[in-house]
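K.L.:
What follows is a structure written as structure tokens; I'll ask about it next.
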Amino acid sequence: MTQVKKMWPLLTATHRYDKSISTLNRGHGQQIEAPILAYLIETANGRILYDVGCDHAKIHDSVASARYYNPALFAFGAPEMCEQQRIPHHLARLGLSPADVDVIFIGHLHFDHAGGLKDLKRCGCGAEIHVQHDEVSAARSGADPAVFADELLDDAGAPLSFCLQQGEYSVLPGVQAVATPGHTVGHMSLLIELPKGPPVLLAGDAADLQENLDDEIAPGTLWQGREAQAVASIRKLKALARNTGAVIWPNHDMAFYCSLPPFPGTCE
């Protein structure tokens with residue numbers, strides 16, 4: 001039986017970029033606005049965060065922003081993120097603090113999904129940080145430009161302590177980690193069995209948009225060009241949804257996000 005009680009989608013920033021970043025070889029020259037989401041999952045045995053958004057300081061410090069989001073070097077550009085979109089602010093609106101989070105599940109280590117880790121730790125979060133072993137190895141290699149190396153370190157410059165995982169596993173009853181590589185080498189989605197209604201399958205960046213799912217189009221950014229692997233992961237998500245009755249939630253689709261209950265509304 002599931003231990004999940006409820007779940008909150010958290011809008012941590014928005015990001016305008018060329019659509020081809022989300023859909024491989026499709027949408028060049030078309031600008032889209034994408035939500036950058038995290039999810040807080042409350043269970044009978046603690047709270048889980050799926051992803052943590054961007055590093056607020058990098059966006060709002062002019063020197064850091066010029067360094068990390070230089071458009072001449074970094075195709076994505078800087079997201080738009082206000083103070084109220086930091087994870088600690090979302091938690092505070094629920095009467096919680098970062099210390100009330102027990103597990104942080106990082107689907108992959110790109111800047112818009114893992115950048116908020118140090119912010120949470122500074123605010124007293126002592127949660128285990130679950131990441132795939134292969135994801136960490138690839139991120140630390142420096143070969144992925146969407147990983148910012150300092151986001152893998154603490155404020156003292158030491159490597160962050162990760163609870164390394166290998167492959168699929170049950171985070172706890174009702175929360176299942178699902179391997180969906182392609183966008184990154186160790187990308188993970190999350191299958192969540194809610195107490196009411198159908199399960200939710202958080203695709204992560206295996207499917208940015210509903211279009212990725214409908215047309216089985218790979219994300220526009222891929223680890224070592226692994227398009228076939230990314231498409232196989234999309235098909236895996238769709239098969240899992242058919243077999244479990246789950247609804248797949250694309251990760252950067254503004255129209256889909258706007259269909260969800262506005263925060264602090266919950267999914268139960």
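Going by the structure tokens order, chains are called A, B, ..., each with residues numbered from 1, while ligands are numbered from 1 in the order shown.
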Using DSSP on the backbone, list every residue of range 7-82 of chain A that comes out as alpha helix (DSSP H), and give them as a list in words.

P.N.:
His56, Ala57, Lys58, Ile59, His60, Ser62, Val63, Ala64, Ser65, Ala66, Arg67 and Tyr68 of chain A

K.L.:
Got a sec: who's within 12 Å of Ala177 in chain A, counting only C-alpha atoms, leaving out chain neighbours fewer than 6 positions off, as a ChimeraX atom specification?

P.N.:
/A:50,105-107,130-132,165-171,186-193,201-204,237

K.L.:
Give me the residues within 12 Å of Ala207 in chain A as a count of residues only, counting only C-alpha atoms and dropping any in the same chain fewer than 4 places off.

P.N.:
41

K.L.:
Give the answer as one residue: which of A:Ala114, A:Val63, A:Leu209, A:Ala72 has the shortest atom-to-atom distance to Phe256 in chain A, using only C-alpha atoms?

P.N.:
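Under the stated criterion, the closest residue is A:Leu209.
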
K.L.:
What's the 8 Å shell around range 32-36 of chain A, counting only C-alpha atoms, without same-chain residues fewer than 5 positions away, as a list of chain:residue names?

P.N.:
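Here the qualifying residues turn out to be A:Leu11, A:Thr12, A:Ala13, A:Thr14, A:His15, A:Arg16, A:Tyr17, A:Asp18, A:Lys19, A:Gly53, A:Asp112, A:His113, A:Asn251, A:His252, A:Asp253, A:Met254, A:Tyr257.
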
K.L.:
Using only C-alpha atoms, which residues sit within 12 Å of Arg67 in chain A once same-chain residues fewer than 6 positions away are excluded, as a list in words?

P.N.:
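Near Arg67 in chain A, the qualifying residues are Lys58, Ile59, His60, Asp61, Leu73, Phe74, Gly77, Ala78 and Phe148 of chain A.
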
K.L.:
Mind writing the picked residues with N, CA, C and O atoms as a short mmCIF file (atom, residue, chain, number, x, y, z; two decimals), in the first residue's frame?

P.N.:
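Now in part.cif:
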data_model
loop_
_atom_site.label_atom_id
_atom_site.label_comp_id
_atom_site.auth_asym_id
_atom_site.auth_seq_id
_atom_site.Cartn_x
_atom_site.Cartn_y
_atom_site.Cartn_z
N LYS A 58 23.10 32.61 -8.65
CA LYS A 58 23.72 32.71 -9.97
C LYS A 58 22.92 33.60 -10.91
O LYS A 58 23.45 34.26 -11.78
N ILE A 59 21.61 33.60 -10.73
CA ILE A 59 20.75 34.37 -11.61
C ILE A 59 20.77 35.85 -11.22
O ILE A 59 20.75 36.73 -12.08
N HIS A 60 20.84 36.13 -9.92
CA HIS A 60 20.65 37.50 -9.45
C HIS A 60 21.95 38.23 -9.12
O HIS A 60 21.93 39.45 -8.95
N ASP A 61 23.06 37.54 -9.05
CA ASP A 61 24.35 38.20 -8.91
C ASP A 61 24.88 38.49 -10.31
O ASP A 61 25.05 37.57 -11.12
N LEU A 73 28.32 31.70 -24.83
CA LEU A 73 28.87 30.39 -24.47
C LEU A 73 27.81 29.38 -24.07
O LEU A 73 28.05 28.17 -24.11
N PHE A 74 26.63 29.88 -23.68
CA PHE A 74 25.62 29.01 -23.06
C PHE A 74 24.29 29.26 -23.76
O PHE A 74 23.66 30.30 -23.59
N GLY A 77 20.62 30.52 -21.90
CA GLY A 77 20.30 31.80 -21.28
C GLY A 77 19.85 31.61 -19.85
O GLY A 77 19.64 30.49 -19.38
N ALA A 78 19.70 32.71 -19.13
CA ALA A 78 19.34 32.65 -17.71
C ALA A 78 17.83 32.52 -17.53
O ALA A 78 17.07 33.22 -18.20
N PHE A 148 26.75 22.71 -13.84
CA PHE A 148 27.67 23.71 -13.31
C PHE A 148 28.49 23.06 -12.20
O PHE A 148 27.92 22.62 -11.19
#

K.L.:
Taking only C-alpha atoms into account, name the residue in A:Leu49, A:Leu94, A:Leu109, A:Ala158 that is nearest to Asp144 in chain A.

P.N.:
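Closest candidate: A:Leu109.
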
K.L.:
Just list the residues in range 92-179 of chain A DSSP gives strand (DSSP E) on the backbone, as a PyMOL selection string.

P.N.:
chain A and resi 103-105+128-132+163-165+169-172+175-179

K.L.:
Between CA of Glu268 in chain A and CA of Trp8 in chain A, what is the distance, to one decimal in Å?

P.N.:
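Distance between the two atoms: 9.0 Å.
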
K.L.:
Give me, as a ChimeraX atom specification, all polymer residues having an atom no more than 12 Å from Pro199 in chain A, counting only C-alpha atoms and skipping those fewer than 5 positions away in the same chain.

P.N.:
/A:2,4,6-7,174-176,190-194,240-249,267-268

K.L.:
How would the residues just picked look written out with C-alpha atoms as a compact mmCIF listing (two decimals), in the first residue's frame?

P.N.:
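Below is the file out12.txt, written as the result:
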# COMPACT_ATOMS: atom_id res chain seq x y z
CA THR A 2 1.26 3.46 -0.84
CA VAL A 4 2.08 8.82 -0.21
CA LYS A 6 -0.21 14.28 -1.09
CA MET A 7 2.03 16.11 -3.53
CA GLY A 174 4.29 4.12 -3.48
CA VAL A 175 7.37 5.96 -4.81
CA GLN A 176 9.35 4.09 -7.47
CA LEU A 190 9.50 8.90 -10.59
CA LEU A 191 6.28 6.86 -10.37
CA ILE A 192 4.08 8.07 -7.52
CA GLU A 193 1.01 6.22 -6.28
CA LEU A 194 -1.33 8.82 -4.80
CA LEU A 240 4.53 1.94 -17.84
CA ALA A 241 1.61 4.36 -17.92
CA ARG A 242 -0.50 1.86 -19.85
CA ASN A 243 0.37 -0.96 -17.44
CA THR A 244 -0.24 1.01 -14.25
CA GLY A 245 -2.93 3.47 -15.30
CA ALA A 246 -0.55 6.33 -14.52
CA VAL A 247 -0.74 9.81 -16.02
CA ILE A 248 2.60 11.06 -17.39
CA TRP A 249 3.50 14.61 -16.37
CA CYS A 267 -2.55 16.59 -5.76
CA GLU A 268 -3.96 13.76 -3.64

K.L.:
Find the residue from A:Leu153, A:Ile48, A:Leu91, A:Ala99 that sits nearest to Lys118 in chain A; use only C-alpha atoms when measuring.

P.N.:
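Checking each candidate against Lys118 in chain A, we get A:Leu153 as the closest.
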